[in-house]
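J.: Next up is a structure, given as structure tokens.
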Amino acid sequence: MTVRVQEGDFDLATELADFGRGAGGIVTFTGIVRNNDAGNLQYMEIEHYPAMTQRAIEAIANEARSRWDLCDLLIIHRHGRLAPGARIMMVATASTHRADAFAAAEFLMDYLKSRAPFWKKEVTSDSAEWVAARETDEKALDRW
Amino acid sequence: MTVRVQEGDFDLATELADFGRGAGGIVTFTGIVRNNDAGNLQYMEIEHYPAMTQRAIEAIANEARSRWDLCDLLIIHRHGRLAPGARIMMVATASTHRADAFAAAEFLMDYLKSRAPFWKKEVTSDSAEWVAARETDEKALDRW
Amino acid sequence: MIDVVYFAWVRERIGLPREQVETNATTVAELIDELSAREERYALAFSDRGAIRAAVDQTLVDLDAPLKGAREVAFFPPMTGG
Amino acid sequence: MIDVVYFAWVRERIGLPREQVETNATTVAELIDELSAREERYALAFSDRGAIRAAVDQTLVDLDAPLKGAREVAFFPPMTGG
């Protein structure tokens, strides 16, 4: 199991080179900074709570491992300034059963969204606004 | 949209290099040949119906595009002899909404399992057996 | 004349991958009946109809699908891709 | 003495990322009450309790959680990672 919080970019191929040996299937999710509707996003500033972040993500990861039959699990989340098109984070899950790999990856995403201490600020050419949490993100947790 | 049926291996990083520009999230599933319980699998032989395969997969892909909001979609499926640990196939979906990317990837997998003309034969040191379709694979289609 | 193609264990039991068949069958099921009446190996291959899938001109169909105008009919077991 | 840390717009409204606080509060909510009574900027930051999340010693807690033994309390808006 790998959990990393970092400022720098990551490379999917490098991260997956030794990932999930013996598994029958690997699911990955990669989150990418989208431009806003106005198309004037300069960057997304991602703040986090360094003393807590790693521990919070590991707790989420352990919960996923207890619920599903996983051979391997990887979570990387970046912080700092990220331009449109940049990778923000990724999760990968490996299992002998594809349903487990899919469910665990979705679970990790839902929990990382609402339970890991990250906050996004959208900085455009003429404003800087904290991204509001969406009610649907909180509701997404109810299904687990 | 890319759909490819091929004998040769593929590389996730190469396939994803230009995939899903403008998307907020990318989901991938990679299927890998697992050894059997006895640990004596020599290879999996994957037969397909060349005149039909590409068309059948494209129909599944188009169904996914009509059901979810996807920026991009990729399906690669191999045939021929594949040793334990080899990649069999992959799907990738890109969307502005992660739920769409996840749902479409699972839908594609469920349909590729039961509706694309591939058949697996498990060749071990002392037998060669066609893999039986599982009832659960057929039932998995009911949820869509 | 119609092209009939076989895959996986259907192909192995019948012992050939493809053949041309002269038939008056009007549905896929009737074609199976005709083939099964030919020889033991066909009867064996088609003995469990529930385990037989068919495609007409490269499109999956039910066994009661009509054959009118068909150029190629394929028979195979349930698919196991992915 | 307890370390109190702030993130995102809670940090911006209060105007500092971290401070040491002398408190007799027995719960997180009581600590919010004390801080809000101090100055307008605290009152503003904590005006919508439903939008405030808290962690005690780096573990998420409800606002009615006890403070006994706590070394670090964090206040922040709902998280928006992923």
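In the structure tokens, the first chain shown is A, the next is B, and so on; residue numbers restart at 1 for each chain, and ligands run from 1 in the order shown.
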If we count only C-alpha atoms and set the cut-off at 10 Å, which residues sit around Arg49 of chain C, ignoring sequence neighbours fewer than 4 positions away in its own chain? Please answer as an MDAnalysis selection string.
T.: chainID C and resid 29 32 45 53 63 77
J.: Env of segment 33-41 of chain A: 9 Å cut, atoms = only C-alpha atoms, seq-sep filter 5 positions within chain, self excluded. Answer as a tab-separated table (two decimals) with N, CA and C atoms, in the first residue's frame.
T.:
chain	number	residue	atom	x	y	z
A	82	LEU	N	-1.67	24.37	-9.09
A	82	LEU	CA	-1.82	23.44	-10.20
A	82	LEU	C	-2.56	24.12	-11.35
A	83	ALA	N	-1.92	24.20	-12.50
A	83	ALA	CA	-2.50	24.85	-13.67
A	83	ALA	C	-3.55	23.95	-14.33
A	84	PRO	N	-4.45	24.52	-15.14
A	84	PRO	CA	-5.43	23.69	-15.86
A	84	PRO	C	-4.72	22.59	-16.65
A	85	GLY	N	-5.24	21.40	-16.57
A	85	GLY	CA	-4.64	20.27	-17.27
A	85	GLY	C	-3.70	19.46	-16.39
A	86	ALA	N	-3.31	20.03	-15.23
A	86	ALA	CA	-2.38	19.31	-14.34
A	86	ALA	C	-3.11	18.17	-13.62
A	87	ARG	N	-2.39	17.11	-13.33
A	87	ARG	CA	-2.92	16.02	-12.49
A	87	ARG	C	-3.00	16.50	-11.05
A	88	ILE	N	-4.13	16.30	-10.40
A	88	ILE	CA	-4.29	16.65	-8.98
A	88	ILE	C	-4.00	15.44	-8.10
A	122	GLU	N	-9.79	28.59	-6.33
A	122	GLU	CA	-9.74	28.79	-7.78
A	122	GLU	C	-9.25	30.21	-8.04
A	123	VAL	N	-8.10	30.36	-8.63
A	123	VAL	CA	-7.54	31.69	-8.90
A	123	VAL	C	-7.65	31.99	-10.39
A	124	THR	N	-8.48	32.99	-10.71
A	124	THR	CA	-8.67	33.37	-12.12
A	124	THR	C	-7.96	34.69	-12.35
A	125	SER	N	-8.08	35.22	-13.58
A	125	SER	CA	-7.44	36.50	-13.88
A	125	SER	C	-8.02	37.62	-13.04
A	126	ASP	N	-9.26	37.48	-12.52
A	126	ASP	CA	-9.79	38.58	-11.71
A	126	ASP	C	-10.44	38.17	-10.38
B	22	GLY	N	-8.98	17.95	-21.43
B	22	GLY	CA	-10.13	18.76	-21.02
B	22	GLY	C	-11.04	18.07	-20.01
B	23	ALA	N	-10.79	16.79	-19.75
B	23	ALA	CA	-11.62	16.06	-18.79
B	23	ALA	C	-11.20	16.40	-17.36
B	24	GLY	N	-12.09	16.16	-16.41
B	24	GLY	CA	-11.76	16.35	-15.01
B	24	GLY	C	-11.27	15.07	-14.36
B	25	GLY	N	-11.57	13.95	-14.99
B	25	GLY	CA	-11.15	12.68	-14.41
B	25	GLY	C	-11.08	11.58	-15.44
B	96	THR	N	-16.05	14.95	-17.43
B	96	THR	CA	-15.98	16.05	-16.47
B	96	THR	C	-16.50	15.60	-15.11
J.: Show me, as an mmCIF file with N, CA, C and O atoms, in the first residue's frame, the residues of chain D whose atoms get within 7 Å of chain A, using only C-alpha atoms for the distance check.
T.:
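What follows is the written file result29.cif:
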data_model
loop_
_atom_site.group_PDB
_atom_site.id
_atom_site.type_symbol
_atom_site.label_atom_id
_atom_site.label_comp_id
_atom_site.auth_asym_id
_atom_site.auth_seq_id
_atom_site.Cartn_x
_atom_site.Cartn_y
_atom_site.Cartn_z
ATOM 1 N N ALA D 8 -7.816 27.360 5.016
ATOM 2 C CA ALA D 8 -8.683 27.868 3.938
ATOM 3 C C ALA D 8 -9.345 29.188 4.373
ATOM 4 O O ALA D 8 -8.678 30.035 4.944
ATOM 5 N N GLN D 58 -5.548 16.048 15.033
ATOM 6 C CA GLN D 58 -5.514 15.533 13.660
ATOM 7 C C GLN D 58 -6.538 14.444 13.361
ATOM 8 O O GLN D 58 -6.375 13.670 12.413
ATOM 9 N N PRO D 78 -15.689 22.695 5.022
ATOM 10 C CA PRO D 78 -15.808 21.347 4.455
ATOM 11 C C PRO D 78 -14.703 21.112 3.431
ATOM 12 O O PRO D 78 -14.353 22.016 2.664
ATOM 13 N N MET D 79 -14.182 19.935 3.415
ATOM 14 C CA MET D 79 -13.026 19.634 2.571
ATOM 15 C C MET D 79 -13.417 19.486 1.111
ATOM 16 O O MET D 79 -14.537 19.095 0.792
ATOM 17 N N THR D 80 -12.503 19.816 0.242
ATOM 18 C CA THR D 80 -12.786 19.794 -1.201
ATOM 19 C C THR D 80 -11.616 19.178 -1.975
ATOM 20 O O THR D 80 -11.174 19.716 -2.993
ATOM 21 N N GLY D 81 -11.110 18.073 -1.471
ATOM 22 C CA GLY D 81 -9.993 17.413 -2.164
ATOM 23 C C GLY D 81 -10.466 16.561 -3.316
ATOM 24 O O GLY D 81 -11.583 16.710 -3.802
ATOM 25 N N GLY D 82 -9.607 15.671 -3.734
ATOM 26 C CA GLY D 82 -9.944 14.707 -4.788
ATOM 27 C C GLY D 82 -9.941 15.300 -6.168
ATOM 28 O O GLY D 82 -9.698 16.467 -6.363
#
J.: What would you get as a short mmCIF file (atom, residue, chain, number, x, y, z; two decimals) with N, CA and C atoms, in the first residue's frame if chain B were moved onto chain A by least squares over all of its C-alpha atoms in order?
T.:
data_model
loop_
_atom_site.label_atom_id
_atom_site.label_comp_id
_atom_site.auth_asym_id
_atom_site.auth_seq_id
_atom_site.Cartn_x
_atom_site.Cartn_y
_atom_site.Cartn_z
N MET B 1 0.83 -1.20 0.00
CA MET B 1 -0.01 0.00 -0.01
C MET B 1 0.88 1.25 -0.01
N THR B 2 0.52 2.19 -0.86
CA THR B 2 1.28 3.44 -0.94
C THR B 2 0.32 4.62 -0.77
N VAL B 3 0.67 5.54 0.12
CA VAL B 3 -0.08 6.79 0.26
C VAL B 3 0.94 7.92 0.24
N ARG B 4 0.79 8.83 -0.68
CA ARG B 4 1.75 9.94 -0.75
C ARG B 4 1.04 11.27 -0.95
N VAL B 5 1.51 12.28 -0.21
CA VAL B 5 1.03 13.65 -0.37
C VAL B 5 2.24 14.45 -0.81
N GLN B 6 2.13 15.11 -1.94
CA GLN B 6 3.33 15.75 -2.49
C GLN B 6 2.96 16.97 -3.32
N GLU B 7 3.95 17.85 -3.49
CA GLU B 7 3.73 19.04 -4.31
C GLU B 7 3.97 18.70 -5.78
N GLY B 8 4.95 17.86 -6.04
CA GLY B 8 5.35 17.57 -7.41
C GLY B 8 4.37 16.69 -8.17
N ASP B 9 4.57 16.64 -9.48
CA ASP B 9 3.73 15.82 -10.35
C ASP B 9 4.07 14.34 -10.15
N PHE B 10 3.22 13.48 -10.69
CA PHE B 10 3.50 12.04 -10.68
C PHE B 10 3.24 11.50 -12.07
N ASP B 11 3.74 10.31 -12.31
CA ASP B 11 3.61 9.70 -13.63
C ASP B 11 2.92 8.34 -13.46
N LEU B 12 1.79 8.21 -14.15
CA LEU B 12 0.96 7.01 -13.99
C LEU B 12 1.76 5.73 -14.27
N ALA B 13 2.53 5.74 -15.34
CA ALA B 13 3.27 4.53 -15.73
C ALA B 13 4.30 4.15 -14.67
N THR B 14 5.00 5.14 -14.15
CA THR B 14 6.00 4.87 -13.11
C THR B 14 5.32 4.31 -11.86
N GLU B 15 4.21 4.93 -11.49
CA GLU B 15 3.52 4.50 -10.28
C GLU B 15 2.97 3.08 -10.42
N LEU B 16 2.59 2.71 -11.65
CA LEU B 16 1.96 1.40 -11.84
C LEU B 16 2.94 0.30 -12.23
N ALA B 17 4.22 0.67 -12.41
CA ALA B 17 5.21 -0.30 -12.91
C ALA B 17 5.23 -1.58 -12.06
N ASP B 18 5.19 -1.43 -10.76
CA ASP B 18 5.25 -2.60 -9.87
C ASP B 18 3.96 -2.82 -9.12
N PHE B 19 2.89 -2.20 -9.62
CA PHE B 19 1.64 -2.20 -8.86
C PHE B 19 0.80 -3.44 -9.15
N GLY B 20 0.29 -4.04 -8.07
CA GLY B 20 -0.75 -5.06 -8.20
C GLY B 20 -0.32 -6.37 -8.82
N ARG B 21 0.88 -6.81 -8.58
CA ARG B 21 1.32 -8.11 -9.11
C ARG B 21 0.41 -9.22 -8.61
N GLY B 22 0.01 -10.09 -9.53
CA GLY B 22 -0.85 -11.20 -9.14
C GLY B 22 -2.33 -10.87 -9.19
N ALA B 23 -2.66 -9.61 -9.41
CA ALA B 23 -4.07 -9.21 -9.48
C ALA B 23 -4.66 -9.58 -10.84
N GLY B 24 -5.98 -9.66 -10.91
CA GLY B 24 -6.65 -9.91 -12.18
C GLY B 24 -7.08 -8.61 -12.85
N GLY B 25 -7.15 -7.55 -12.06
CA GLY B 25 -7.57 -6.28 -12.64
C GLY B 25 -7.10 -5.10 -11.82
N ILE B 26 -6.81 -4.01 -12.51
CA ILE B 26 -6.36 -2.79 -11.86
C ILE B 26 -7.25 -1.64 -12.33
N VAL B 27 -7.80 -0.92 -11.36
CA VAL B 27 -8.58 0.28 -11.67
C VAL B 27 -7.78 1.50 -11.24
N THR B 28 -7.76 2.52 -12.09
CA THR B 28 -7.14 3.78 -11.69
C THR B 28 -8.13 4.92 -11.89
N PHE B 29 -8.01 5.92 -11.05
CA PHE B 29 -8.69 7.19 -11.30
C PHE B 29 -7.64 8.27 -11.21
N THR B 30 -7.63 9.16 -12.19
CA THR B 30 -6.73 10.30 -12.17
C THR B 30 -7.57 11.56 -12.23
N GLY B 31 -7.40 12.44 -11.28
CA GLY B 31 -8.12 13.71 -11.26
C GLY B 31 -7.28 14.79 -11.89
N ILE B 32 -7.90 15.61 -12.72
CA ILE B 32 -7.19 16.62 -13.51
C ILE B 32 -7.84 17.98 -13.30
N VAL B 33 -7.03 19.04 -13.22
CA VAL B 33 -7.57 20.39 -13.06
C VAL B 33 -8.27 20.80 -14.35
N ARG B 34 -9.56 21.08 -14.24
CA ARG B 34 -10.31 21.57 -15.40
C ARG B 34 -10.33 23.08 -15.39
N ASN B 35 -10.38 23.66 -16.55
CA ASN B 35 -10.60 25.10 -16.61
C ASN B 35 -12.02 25.39 -16.13
N ASN B 36 -12.32 26.61 -15.74
CA ASN B 36 -13.68 26.94 -15.35
C ASN B 36 -14.51 27.27 -16.59
N ASP B 37 -15.80 27.54 -16.38
CA ASP B 37 -16.68 27.79 -17.53
C ASP B 37 -16.25 29.02 -18.32
N ALA B 38 -15.74 30.03 -17.59
CA ALA B 38 -15.30 31.26 -18.27
C ALA B 38 -13.97 31.07 -19.01
N GLY B 39 -13.29 29.99 -18.70
CA GLY B 39 -12.02 29.71 -19.39
C GLY B 39 -10.88 30.59 -18.94
N ASN B 40 -11.01 31.22 -17.75
CA ASN B 40 -9.94 32.13 -17.31
C ASN B 40 -9.24 31.66 -16.02
N LEU B 41 -9.29 30.36 -15.76
CA LEU B 41 -8.58 29.84 -14.58
C LEU B 41 -7.08 29.97 -14.77
N GLN B 42 -6.43 30.59 -13.81
CA GLN B 42 -4.97 30.67 -13.87
C GLN B 42 -4.36 29.43 -13.20
N TYR B 43 -4.80 29.19 -11.99
CA TYR B 43 -4.37 27.96 -11.33
C TYR B 43 -5.31 27.62 -10.18
N MET B 44 -5.23 26.41 -9.73
CA MET B 44 -5.94 25.96 -8.55
C MET B 44 -4.88 25.87 -7.45
N GLU B 45 -5.17 26.51 -6.32
CA GLU B 45 -4.24 26.44 -5.18
C GLU B 45 -4.82 25.40 -4.21
N ILE B 46 -4.05 24.37 -3.94
CA ILE B 46 -4.56 23.34 -3.04
C ILE B 46 -3.82 23.41 -1.71
N GLU B 47 -4.59 23.79 -0.68
CA GLU B 47 -4.06 23.88 0.68
C GLU B 47 -4.35 22.56 1.39
N HIS B 48 -3.48 22.16 2.30
CA HIS B 48 -3.82 20.98 3.09
C HIS B 48 -3.32 21.15 4.51
N TYR B 49 -3.54 20.17 5.33
CA TYR B 49 -3.23 20.23 6.77
C TYR B 49 -2.13 19.20 6.99
N PRO B 50 -0.89 19.61 6.80
CA PRO B 50 0.22 18.64 6.72
C PRO B 50 0.25 17.63 7.86
N ALA B 51 0.00 18.07 9.08
CA ALA B 51 0.11 17.14 10.22
C ALA B 51 -0.96 16.06 10.17
N MET B 52 -2.03 16.31 9.41
CA MET B 52 -3.16 15.39 9.41
C MET B 52 -3.33 14.61 8.12
N THR B 53 -2.87 15.17 7.01
CA THR B 53 -3.27 14.64 5.70
C THR B 53 -2.91 13.18 5.50
N GLN B 54 -1.66 12.85 5.71
CA GLN B 54 -1.21 11.48 5.47
C GLN B 54 -2.01 10.49 6.32
N ARG B 55 -2.17 10.86 7.59
CA ARG B 55 -2.89 9.97 8.50
C ARG B 55 -4.35 9.80 8.08
N ALA B 56 -4.98 10.90 7.66
CA ALA B 56 -6.40 10.83 7.26
C ALA B 56 -6.55 9.94 6.01
N ILE B 57 -5.63 10.09 5.08
CA ILE B 57 -5.74 9.28 3.86
C ILE B 57 -5.46 7.81 4.18
N GLU B 58 -4.51 7.56 5.05
CA GLU B 58 -4.23 6.16 5.42
C GLU B 58 -5.43 5.51 6.10
N ALA B 59 -6.15 6.29 6.89
CA ALA B 59 -7.34 5.74 7.54
C ALA B 59 -8.40 5.36 6.50
N ILE B 60 -8.55 6.20 5.49
CA ILE B 60 -9.50 5.91 4.41
C ILE B 60 -9.04 4.66 3.64
N ALA B 61 -7.74 4.60 3.38
CA ALA B 61 -7.18 3.45 2.65
C ALA B 61 -7.39 2.15 3.43
N ASN B 62 -7.17 2.21 4.73
CA ASN B 62 -7.34 1.00 5.55
C ASN B 62 -8.80 0.57 5.59
N GLU B 63 -9.69 1.54 5.61
CA GLU B 63 -11.12 1.21 5.57
C GLU B 63 -11.44 0.48 4.25
N ALA B 64 -10.88 0.96 3.16
CA ALA B 64 -11.11 0.30 1.86
C ALA B 64 -10.57 -1.13 1.88
N ARG B 65 -9.38 -1.30 2.46
CA ARG B 65 -8.79 -2.65 2.51
C ARG B 65 -9.60 -3.61 3.36
N SER B 66 -10.27 -3.06 4.38
CA SER B 66 -11.07 -3.95 5.23
C SER B 66 -12.39 -4.33 4.56
N ARG B 67 -12.85 -3.47 3.63
CA ARG B 67 -14.15 -3.74 3.01
C ARG B 67 -14.06 -4.59 1.75
N TRP B 68 -12.95 -4.49 1.03
CA TRP B 68 -12.83 -5.23 -0.24
C TRP B 68 -11.56 -6.05 -0.28
N ASP B 69 -11.59 -7.04 -1.17
CA ASP B 69 -10.47 -7.95 -1.31
C ASP B 69 -9.46 -7.32 -2.29
N LEU B 70 -8.51 -6.59 -1.74
CA LEU B 70 -7.56 -5.86 -2.58
C LEU B 70 -6.15 -6.45 -2.47
N CYS B 71 -5.47 -6.58 -3.60
CA CYS B 71 -4.07 -7.01 -3.59
C CYS B 71 -3.16 -5.82 -3.35
N ASP B 72 -3.62 -4.64 -3.76
CA ASP B 72 -2.74 -3.48 -3.68
C ASP B 72 -3.59 -2.22 -3.78
N LEU B 73 -3.03 -1.13 -3.32
CA LEU B 73 -3.76 0.13 -3.26
C LEU B 73 -2.75 1.27 -3.28
N LEU B 74 -3.07 2.30 -4.02
CA LEU B 74 -2.16 3.45 -4.16
C LEU B 74 -2.98 4.73 -4.14
N ILE B 75 -2.53 5.70 -3.36
CA ILE B 75 -3.17 7.02 -3.38
C ILE B 75 -2.08 8.08 -3.41
N ILE B 76 -2.18 8.99 -4.36
CA ILE B 76 -1.27 10.14 -4.41
C ILE B 76 -2.14 11.39 -4.51
N HIS B 77 -1.86 12.38 -3.68
CA HIS B 77 -2.60 13.64 -3.76
C HIS B 77 -1.60 14.78 -3.73
N ARG B 78 -1.73 15.70 -4.66
CA ARG B 78 -0.82 16.85 -4.71
C ARG B 78 -1.40 18.05 -3.96
N HIS B 79 -0.52 18.99 -3.61
CA HIS B 79 -0.96 20.27 -3.07
C HIS B 79 -0.13 21.36 -3.73
N GLY B 80 -0.49 22.62 -3.45
CA GLY B 80 0.21 23.73 -4.08
C GLY B 80 -0.54 24.24 -5.30
N ARG B 81 0.18 24.93 -6.18
CA ARG B 81 -0.45 25.53 -7.37
C ARG B 81 -0.48 24.56 -8.53
N LEU B 82 -1.66 24.37 -9.09
CA LEU B 82 -1.82 23.43 -10.20
C LEU B 82 -2.55 24.11 -11.35
N ALA B 83 -1.92 24.19 -12.49
CA ALA B 83 -2.50 24.84 -13.67
C ALA B 83 -3.55 23.94 -14.32
N PRO B 84 -4.44 24.52 -15.13
CA PRO B 84 -5.42 23.70 -15.85
C PRO B 84 -4.71 22.59 -16.63
N GLY B 85 -5.24 21.39 -16.57
CA GLY B 85 -4.62 20.26 -17.26
C GLY B 85 -3.69 19.46 -16.37
N ALA B 86 -3.30 20.02 -15.22
CA ALA B 86 -2.38 19.29 -14.32
C ALA B 86 -3.11 18.17 -13.61
N ARG B 87 -2.39 17.11 -13.33
CA ARG B 87 -2.93 16.03 -12.49
C ARG B 87 -3.00 16.51 -11.04
N ILE B 88 -4.12 16.30 -10.39
CA ILE B 88 -4.28 16.65 -8.97
C ILE B 88 -3.98 15.45 -8.09
N MET B 89 -4.52 14.31 -8.49
CA MET B 89 -4.40 13.14 -7.61
C MET B 89 -4.68 11.88 -8.40
N MET B 90 -4.34 10.75 -7.82
CA MET B 90 -4.72 9.49 -8.42
C MET B 90 -4.96 8.46 -7.33
N VAL B 91 -5.83 7.50 -7.65
CA VAL B 91 -5.93 6.30 -6.83
C VAL B 91 -5.79 5.11 -7.78
N ALA B 92 -5.26 4.02 -7.26
CA ALA B 92 -5.23 2.77 -8.02
C ALA B 92 -5.58 1.65 -7.05
N THR B 93 -6.36 0.70 -7.54
CA THR B 93 -6.73 -0.46 -6.74
C THR B 93 -6.52 -1.71 -7.58
N ALA B 94 -6.02 -2.76 -6.96
CA ALA B 94 -5.79 -4.02 -7.66
C ALA B 94 -6.51 -5.12 -6.90
N SER B 95 -7.20 -5.98 -7.64
CA SER B 95 -7.93 -7.06 -7.00
C SER B 95 -8.02 -8.25 -7.94
N THR B 96 -8.34 -9.42 -7.37
CA THR B 96 -8.65 -10.56 -8.23
C THR B 96 -10.05 -10.40 -8.82
N HIS B 97 -10.89 -9.59 -8.20
CA HIS B 97 -12.27 -9.40 -8.67
C HIS B 97 -12.45 -7.96 -9.13
N ARG B 98 -12.88 -7.78 -10.38
CA ARG B 98 -12.92 -6.41 -10.87
C ARG B 98 -13.94 -5.56 -10.13
N ALA B 99 -15.03 -6.19 -9.66
CA ALA B 99 -16.04 -5.40 -8.93
C ALA B 99 -15.43 -4.80 -7.66
N ASP B 100 -14.56 -5.54 -7.00
CA ASP B 100 -13.90 -5.02 -5.80
C ASP B 100 -12.98 -3.85 -6.14
N ALA B 101 -12.23 -4.00 -7.22
CA ALA B 101 -11.31 -2.92 -7.61
C ALA B 101 -12.09 -1.65 -7.94
N PHE B 102 -13.21 -1.79 -8.66
CA PHE B 102 -14.02 -0.62 -9.00
C PHE B 102 -14.64 0.01 -7.75
N ALA B 103 -15.26 -0.83 -6.92
CA ALA B 103 -15.94 -0.29 -5.73
C ALA B 103 -14.94 0.41 -4.81
N ALA B 104 -13.79 -0.20 -4.60
CA ALA B 104 -12.80 0.40 -3.70
C ALA B 104 -12.30 1.73 -4.26
N ALA B 105 -12.09 1.81 -5.57
CA ALA B 105 -11.61 3.07 -6.16
C ALA B 105 -12.65 4.17 -6.00
N GLU B 106 -13.92 3.84 -6.19
CA GLU B 106 -14.97 4.85 -6.04
C GLU B 106 -15.13 5.28 -4.58
N PHE B 107 -15.03 4.29 -3.70
CA PHE B 107 -15.08 4.59 -2.27
C PHE B 107 -13.95 5.55 -1.88
N LEU B 108 -12.74 5.23 -2.32
CA LEU B 108 -11.58 6.09 -2.00
C LEU B 108 -11.82 7.51 -2.51
N MET B 109 -12.32 7.64 -3.74
CA MET B 109 -12.55 8.98 -4.29
C MET B 109 -13.60 9.73 -3.48
N ASP B 110 -14.70 9.05 -3.15
CA ASP B 110 -15.76 9.72 -2.39
C ASP B 110 -15.24 10.21 -1.04
N TYR B 111 -14.44 9.38 -0.39
CA TYR B 111 -13.94 9.78 0.93
C TYR B 111 -12.81 10.81 0.84
N LEU B 112 -11.96 10.69 -0.17
CA LEU B 112 -10.90 11.70 -0.31
C LEU B 112 -11.51 13.08 -0.55
N LYS B 113 -12.62 13.12 -1.30
CA LYS B 113 -13.31 14.39 -1.59
C LYS B 113 -13.76 15.10 -0.33
N SER B 114 -14.29 14.34 0.61
CA SER B 114 -15.00 14.96 1.74
C SER B 114 -14.37 14.71 3.11
N ARG B 115 -13.36 13.84 3.17
CA ARG B 115 -12.82 13.50 4.49
C ARG B 115 -11.30 13.64 4.59
N ALA B 116 -10.65 14.02 3.51
CA ALA B 116 -9.21 14.28 3.59
C ALA B 116 -9.03 15.80 3.60
N PRO B 117 -8.12 16.30 4.44
CA PRO B 117 -8.05 17.75 4.68
C PRO B 117 -7.34 18.53 3.56
N PHE B 118 -8.07 18.67 2.45
CA PHE B 118 -7.61 19.49 1.33
C PHE B 118 -8.67 20.54 1.03
N TRP B 119 -8.21 21.71 0.60
CA TRP B 119 -9.13 22.79 0.21
C TRP B 119 -8.60 23.42 -1.06
N LYS B 120 -9.51 23.59 -2.01
CA LYS B 120 -9.13 24.14 -3.32
C LYS B 120 -9.56 25.60 -3.44
N LYS B 121 -8.65 26.41 -3.94
CA LYS B 121 -8.97 27.80 -4.23
C LYS B 121 -8.75 28.02 -5.72
N GLU B 122 -9.77 28.58 -6.36
CA GLU B 122 -9.73 28.79 -7.80
C GLU B 122 -9.26 30.21 -8.06
N VAL B 123 -8.09 30.35 -8.64
CA VAL B 123 -7.54 31.68 -8.91
C VAL B 123 -7.66 31.98 -10.40
N THR B 124 -8.49 33.00 -10.74
CA THR B 124 -8.67 33.38 -12.14
C THR B 124 -7.97 34.71 -12.38
N SER B 125 -8.09 35.22 -13.59
CA SER B 125 -7.45 36.50 -13.90
C SER B 125 -8.05 37.63 -13.05
N ASP B 126 -9.29 37.48 -12.54
CA ASP B 126 -9.83 38.58 -11.73
C ASP B 126 -10.48 38.18 -10.40
N SER B 127 -10.22 36.96 -9.94
CA SER B 127 -10.76 36.59 -8.63
C SER B 127 -10.00 35.42 -8.03
N ALA B 128 -10.23 35.21 -6.74
CA ALA B 128 -9.66 34.07 -6.04
C ALA B 128 -10.73 33.57 -5.07
N GLU B 129 -11.32 32.42 -5.37
CA GLU B 129 -12.46 31.94 -4.60
C GLU B 129 -12.22 30.52 -4.11
N TRP B 130 -12.53 30.28 -2.84
CA TRP B 130 -12.48 28.92 -2.34
C TRP B 130 -13.60 28.11 -2.98
N VAL B 131 -13.28 26.93 -3.44
CA VAL B 131 -14.28 26.06 -4.04
C VAL B 131 -15.21 25.58 -2.93
N ALA B 132 -16.51 25.72 -3.13
CA ALA B 132 -17.47 25.27 -2.12
C ALA B 132 -17.66 23.77 -2.21
N ALA B 133 -17.77 23.13 -1.06
CA ALA B 133 -18.09 21.70 -1.05
C ALA B 133 -19.50 21.53 -1.59
N ARG B 134 -19.71 20.48 -2.34
CA ARG B 134 -21.05 20.26 -2.89
C ARG B 134 -21.80 19.28 -2.03
N GLU B 135 -23.09 19.54 -1.88
CA GLU B 135 -23.91 18.64 -1.08
C GLU B 135 -23.86 17.21 -1.63
N THR B 136 -23.76 17.11 -2.96
CA THR B 136 -23.72 15.78 -3.57
C THR B 136 -22.47 15.01 -3.15
N ASP B 137 -21.38 15.73 -2.87
CA ASP B 137 -20.17 15.04 -2.42
C ASP B 137 -20.39 14.41 -1.05
N GLU B 138 -21.06 15.16 -0.18
CA GLU B 138 -21.35 14.64 1.15
C GLU B 138 -22.33 13.47 1.06
N LYS B 139 -23.33 13.62 0.20
CA LYS B 139 -24.33 12.56 0.04
C LYS B 139 -23.73 11.29 -0.54
N ALA B 140 -22.67 11.47 -1.35
CA ALA B 140 -22.05 10.30 -1.99
C ALA B 140 -21.54 9.31 -0.95
N LEU B 141 -21.26 9.80 0.27
CA LEU B 141 -20.75 8.91 1.32
C LEU B 141 -21.81 7.95 1.84
N ASP B 142 -23.09 8.36 1.69
CA ASP B 142 -24.17 7.55 2.27
C ASP B 142 -24.27 6.16 1.65
N ARG B 143 -23.81 6.04 0.42
CA ARG B 143 -24.00 4.73 -0.22
C ARG B 143 -23.04 3.66 0.29
N TRP B 144 -22.02 4.05 1.05
CA TRP B 144 -21.02 3.05 1.49
C TRP B 144 -21.33 2.50 2.87
#
J.: Could you pull out the residues in segment 41-138 of chain A that DSSP calls strand (DSSP E or B) from the backbone, as a ChimeraX atom specification?
T.: /A:41-48,72-78,80-82,87-95,118-124,128-130
J.: Out of chain C, which residues get alpha helix (DSSP H) from DSSP, as a ChimeraX atom specification?
T.: /C:8-14,28-38,40-45
J.: Tell me which protein, DNA and RNA residues are within 9 Å of Val56 of chain C, counting only C-alpha atoms, leaving out same-chain ones fewer than 4 positions away, and put them as a PDB file with C-alpha atoms, in the first residue's frame.
T.:
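Written out: part02.pdb:
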ATOM      1  CA  VAL C  28     -31.327 -20.059 -36.501  1.00  0.00           C
ATOM      2  CA  LEU C  60     -25.809 -11.358 -31.864  1.00  0.00           C
ATOM      3  CA  VAL C  61     -29.302 -12.811 -32.199  1.00  0.00           C
ATOM      4  CA  ALA C  65     -34.119 -15.145 -35.172  1.00  0.00           C
ATOM      5  CA  PRO C  66     -34.989 -15.438 -38.888  1.00  0.00           C
ATOM      6  CA  LEU C  67     -32.341 -16.491 -41.403  1.00  0.00           C
ATOM      7  CA  ALA C  70     -28.299 -14.168 -43.974  1.00  0.00           C
ATOM      8  CA  ARG C  71     -24.860 -14.692 -45.479  1.00  0.00           C
ATOM      9  CA  GLU C  72     -22.957 -15.823 -42.380  1.00  0.00           C
ATOM     10  CA  VAL C  73     -24.227 -17.544 -39.257  1.00  0.00           C
ATOM     11  CA  ALA C  74     -21.910 -18.081 -36.293  1.00  0.00           C
TER      12      ALA C  74
END
